[in-house]
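A.B. asks: Got a structure for you, upload-v2.cif, holding mmCIF, C-alpha atoms.
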data_entry
loop_
_atom_site.group_PDB
_atom_site.id
_atom_site.type_symbol
_atom_site.label_atom_id
_atom_site.label_comp_id
_atom_site.auth_asym_id
_atom_site.auth_seq_id
_atom_site.Cartn_x
_atom_site.Cartn_y
_atom_site.Cartn_z
ATOM 1 C CA MET A 1 0.000 0.000 0.000
ATOM 2 C CA ILE A 2 2.848 2.370 0.783
ATOM 3 C CA ALA A 3 4.361 1.755 -2.644
ATOM 4 C CA LEU A 4 0.992 2.486 -4.223
ATOM 5 C CA LEU A 5 0.654 5.725 -2.271
ATOM 6 C CA ASN A 6 4.155 6.788 -3.280
ATOM 7 C CA ARG A 7 3.468 5.989 -6.921
ATOM 8 C CA LEU A 8 0.188 7.903 -6.907
ATOM 9 C CA HIS A 9 1.939 10.765 -5.152
ATOM 10 C CA ARG A 10 4.449 10.989 -8.017
ATOM 11 C CA MET A 11 1.832 10.512 -10.749
ATOM 12 C CA SER A 12 -0.598 13.103 -9.398
ATOM 13 C CA ARG A 13 1.830 15.974 -9.824
ATOM 14 C CA MET A 14 0.734 18.244 -12.607
ATOM 15 C CA GLN A 15 4.152 19.778 -13.209
ATOM 16 C CA ASN A 16 3.334 21.687 -16.386
ATOM 17 C CA ALA A 17 0.106 23.263 -15.165
ATOM 18 C CA PRO A 18 0.245 26.780 -13.713
ATOM 19 C CA VAL A 19 -0.057 27.028 -9.943
ATOM 20 C CA TRP A 20 -3.313 29.009 -10.119
ATOM 21 C CA LEU A 21 -4.865 26.050 -11.958
ATOM 22 C CA ARG A 22 -3.085 23.124 -10.323
ATOM 23 C CA ARG A 23 -3.720 23.913 -6.663
ATOM 24 C CA PRO A 24 -7.546 24.170 -6.836
ATOM 25 C CA ILE A 25 -7.772 21.005 -8.935
ATOM 26 C CA VAL A 26 -5.559 19.058 -6.527
ATOM 27 C CA THR A 27 -7.534 20.408 -3.570
ATOM 28 C CA LEU A 28 -10.878 19.494 -5.120
ATOM 29 C CA VAL A 29 -9.813 15.970 -6.095
ATOM 30 C CA GLY A 30 -8.127 15.303 -2.749
ATOM 31 C CA VAL A 31 -11.024 16.536 -0.644
ATOM 32 C CA LEU A 32 -13.506 14.685 -2.843
ATOM 33 C CA LEU A 33 -11.602 11.421 -2.343
ATOM 34 C CA ILE A 34 -11.484 11.947 1.420
ATOM 35 C CA VAL A 35 -15.245 12.652 1.561
ATOM 36 C CA VAL A 36 -16.039 9.605 -0.574
ATOM 37 C CA GLY A 37 -13.713 7.520 1.631
ATOM 38 C CA ALA A 38 -15.501 8.757 4.742
ATOM 39 C CA ALA A 39 -18.828 7.736 3.204
ATOM 40 C CA LEU A 40 -17.379 4.336 2.349
ATOM 41 C CA LEU A 41 -16.554 3.767 6.014
ATOM 42 C CA ALA A 42 -20.294 3.373 6.621
ATOM 43 C CA LEU A 43 -21.070 1.858 3.231
ATOM 44 C CA PRO A 44 -19.476 -1.288 1.839
ATOM 45 C CA GLY A 45 -16.188 -0.359 0.252
ATOM 46 C CA PRO A 46 -12.522 0.440 0.864
ATOM 47 C CA GLY A 47 -13.036 3.632 2.871
ATOM 48 C CA LEU A 48 -9.606 3.852 4.481
ATOM 49 C CA LEU A 49 -7.835 3.191 1.211
ATOM 50 C CA VAL A 50 -9.796 5.887 -0.625
ATOM 51 C CA MET A 51 -9.126 8.345 2.193
ATOM 52 C CA ALA A 52 -5.395 7.552 2.041
ATOM 53 C CA LEU A 53 -5.441 8.167 -1.709
ATOM 54 C CA GLY A 54 -7.109 11.531 -1.148
ATOM 55 C CA LEU A 55 -4.457 12.414 1.393
ATOM 56 C CA ALA A 56 -1.730 11.400 -1.067
ATOM 57 C CA VAL A 57 -3.240 13.713 -3.678
ATOM 58 C CA LEU A 58 -3.389 16.585 -1.195
ATOM 59 C CA ALA A 59 0.205 15.895 -0.148
ATOM 60 C CA THR A 60 1.409 16.910 -3.605
ATOM 61 C CA GLU A 61 0.530 20.539 -2.840
ATOM 62 C CA TYR A 62 0.233 20.892 0.932
ATOM 63 C CA PRO A 63 3.145 20.241 3.327
ATOM 64 C CA ALA A 64 0.751 19.565 6.224
ATOM 65 C CA ALA A 65 -0.881 16.757 4.265
ATOM 66 C CA GLN A 66 2.568 15.370 3.440
ATOM 67 C CA ARG A 67 3.521 15.349 7.130
ATOM 68 C CA LEU A 68 0.277 13.553 8.015
ATOM 69 C CA LEU A 69 0.864 11.031 5.235
ATOM 70 C CA ASP A 70 4.390 10.402 6.544
ATOM 71 C CA ARG A 71 3.001 9.802 10.045
ATOM 72 C CA ILE A 72 0.516 7.293 8.636
ATOM 73 C CA LYS A 73 3.112 5.401 6.584
ATOM 74 C CA LEU A 74 5.227 4.368 9.600
ATOM 75 C CA PRO A 75 2.545 2.361 11.456
ATOM 76 C CA ILE A 76 1.410 0.805 8.166
ATOM 77 C CA ALA A 77 4.943 -0.349 7.413
ATOM 78 C CA ALA A 78 5.335 -1.750 10.932
ATOM 79 C CA ALA A 79 2.008 -3.618 10.739
ATOM 80 C CA ARG A 80 2.948 -5.012 7.345
ATOM 81 C CA ALA A 81 6.292 -6.241 8.695
ATOM 82 C CA ARG A 82 4.569 -7.929 11.657
ATOM 83 C CA TRP A 83 2.055 -9.552 9.336
ATOM 84 C CA ALA A 84 4.802 -10.767 6.993
ATOM 85 C CA SER A 85 6.800 -12.221 9.901
ATOM 86 C CA ARG A 86 3.757 -14.134 11.158
ATOM 87 C CA ARG A 87 3.131 -15.632 7.741
ATOM 88 C CA ALA A 88 6.705 -16.884 7.403
#
Show this structure as structure tokens.
C.D. replies:
Amino acid sequence: MIALLNRLHRMSRMQNAPVWLRRPIVTLVGVLLIVVGAALLALPGPGLLVMALGLAVLATEYPAAQRLLDRIKLPIAAARARWASRRA
């Protein structure tokens, strides 16, 4: 999941678009994904994953979102390592 978030983080950068156009689009898409993810927490669907994707999109433009994403990645990596060690 962390690799997917990193890949989406790199892909979602609209490098050639002007800042006045890029920032509102990134904000709209990121917030929309977070809202849909929050709705999917109550409905059947991958709510946490969609919310993480929205945060990854927001992290391309906002340092606060990047810091939050970094804080989320550490426990995910630790849980994945524990899960992998139990399977082996």
A.B. asks: Please measure the separation of atom CA of Val26 of chain A and atom CA of Leu58 of chain A, giving the value in Å to one decimal.
C.D. replies: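 One can read the atom CA of Val26 of chain A to atom CA of Leu58 of chain A distance as 6.3 Å.
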A.B. asks: Enumerate, as a list in words, the protein, DNA and RNA residues whose atoms approach (-12.3, 12.8, -1.0) to within 12 Å, taking into account all atoms listed in the file and the coordinate frame of the file.
C.D. replies: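 The residues near that point, listed by chain and number, are Val26, Thr27, Leu28, Val29, Gly30, Val31, Leu32, Leu33, Ile34, Val35, Val36, Gly37, Ala38, Ala39, Leu40, Gly47, Leu48, Leu49, Val50, Met51, Ala52, Leu53, Gly54, Leu55, Ala56, Val57 and Leu58 of chain A.
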A.B. asks: Could you check how far atom CA of Pro24 of chain A sits from atom CA of Tyr62 of chain A, in Å to one decimal?
C.D. replies: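 Atom CA of Tyr62 of chain A lies at a distance of 11.5 Å from atom CA of Pro24 of chain A.
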A.B. asks: One decimal, in Å: what's the spacing between atom CA of Gly45 of chain A and atom CA of Ala78 of chain A?
C.D. replies: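 One can read the atom CA of Gly45 of chain A to atom CA of Ala78 of chain A distance as 24.1 Å.
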A.B. asks: Could you pull segment 28-56 of chain A out of the structure I just pasted and write it to a file containing N, CA and C atoms, as a compact mmCIF listing (two decimals), in the first residue's frame?
C.D. replies:
# COMPACT_ATOMS: atom_id res chain seq x y z
N LEU A 28 -9.55 20.05 -4.86
CA LEU A 28 -10.88 19.49 -5.12
C LEU A 28 -10.85 17.97 -5.20
N VAL A 29 -9.90 17.43 -5.95
CA VAL A 29 -9.81 15.97 -6.09
C VAL A 29 -9.47 15.31 -4.76
N GLY A 30 -8.51 15.88 -4.04
CA GLY A 30 -8.13 15.30 -2.75
C GLY A 30 -9.25 15.31 -1.73
N VAL A 31 -9.92 16.44 -1.60
CA VAL A 31 -11.02 16.54 -0.64
C VAL A 31 -12.17 15.63 -1.06
N LEU A 32 -12.45 15.56 -2.36
CA LEU A 32 -13.51 14.68 -2.84
C LEU A 32 -13.21 13.22 -2.51
N LEU A 33 -11.96 12.79 -2.69
CA LEU A 33 -11.60 11.42 -2.34
C LEU A 33 -11.74 11.16 -0.84
N ILE A 34 -11.37 12.13 -0.03
CA ILE A 34 -11.48 11.95 1.42
C ILE A 34 -12.96 11.86 1.83
N VAL A 35 -13.81 12.69 1.23
CA VAL A 35 -15.25 12.65 1.56
C VAL A 35 -15.86 11.33 1.11
N VAL A 36 -15.52 10.89 -0.09
CA VAL A 36 -16.04 9.60 -0.57
C VAL A 36 -15.53 8.47 0.32
N GLY A 37 -14.26 8.54 0.73
CA GLY A 37 -13.71 7.52 1.63
C GLY A 37 -14.43 7.50 2.97
N ALA A 38 -14.76 8.69 3.48
CA ALA A 38 -15.50 8.76 4.74
C ALA A 38 -16.89 8.14 4.59
N ALA A 39 -17.52 8.35 3.44
CA ALA A 39 -18.83 7.74 3.20
C ALA A 39 -18.69 6.22 3.09
N LEU A 40 -17.58 5.77 2.51
CA LEU A 40 -17.38 4.34 2.35
C LEU A 40 -17.04 3.64 3.67
N LEU A 41 -16.74 4.40 4.70
CA LEU A 41 -16.55 3.77 6.01
C LEU A 41 -17.87 3.19 6.51
N ALA A 42 -18.98 3.87 6.20
CA ALA A 42 -20.29 3.37 6.62
C ALA A 42 -20.89 2.44 5.57
N LEU A 43 -20.57 2.68 4.33
CA LEU A 43 -21.07 1.86 3.23
C LEU A 43 -20.06 0.76 2.93
N PRO A 44 -20.45 -0.26 2.20
CA PRO A 44 -19.48 -1.29 1.84
C PRO A 44 -18.48 -0.74 0.81
N GLY A 45 -17.22 -0.84 1.16
CA GLY A 45 -16.19 -0.36 0.25
C GLY A 45 -14.90 -0.08 0.99
N PRO A 46 -13.85 0.22 0.27
CA PRO A 46 -12.52 0.44 0.86
C PRO A 46 -12.35 1.88 1.35
N GLY A 47 -13.05 2.25 2.39
CA GLY A 47 -13.04 3.63 2.87
C GLY A 47 -11.67 4.15 3.26
N LEU A 48 -10.93 3.39 4.04
CA LEU A 48 -9.61 3.85 4.48
C LEU A 48 -8.64 4.00 3.32
N LEU A 49 -8.72 3.11 2.37
CA LEU A 49 -7.83 3.19 1.21
C LEU A 49 -8.14 4.43 0.37
N VAL A 50 -9.41 4.71 0.16
CA VAL A 50 -9.80 5.89 -0.63
C VAL A 50 -9.40 7.17 0.11
N MET A 51 -9.55 7.18 1.42
CA MET A 51 -9.13 8.35 2.19
C MET A 51 -7.61 8.54 2.13
N ALA A 52 -6.85 7.45 2.16
CA ALA A 52 -5.39 7.55 2.04
C ALA A 52 -5.00 8.07 0.66
N LEU A 53 -5.72 7.66 -0.37
CA LEU A 53 -5.44 8.17 -1.71
C LEU A 53 -5.73 9.66 -1.80
N GLY A 54 -6.80 10.10 -1.19
CA GLY A 54 -7.11 11.53 -1.15
C GLY A 54 -6.04 12.31 -0.42
N LEU A 55 -5.53 11.76 0.66
CA LEU A 55 -4.46 12.41 1.39
C LEU A 55 -3.18 12.46 0.56
N ALA A 56 -2.91 11.41 -0.20
CA ALA A 56 -1.73 11.40 -1.07
C ALA A 56 -1.84 12.47 -2.15
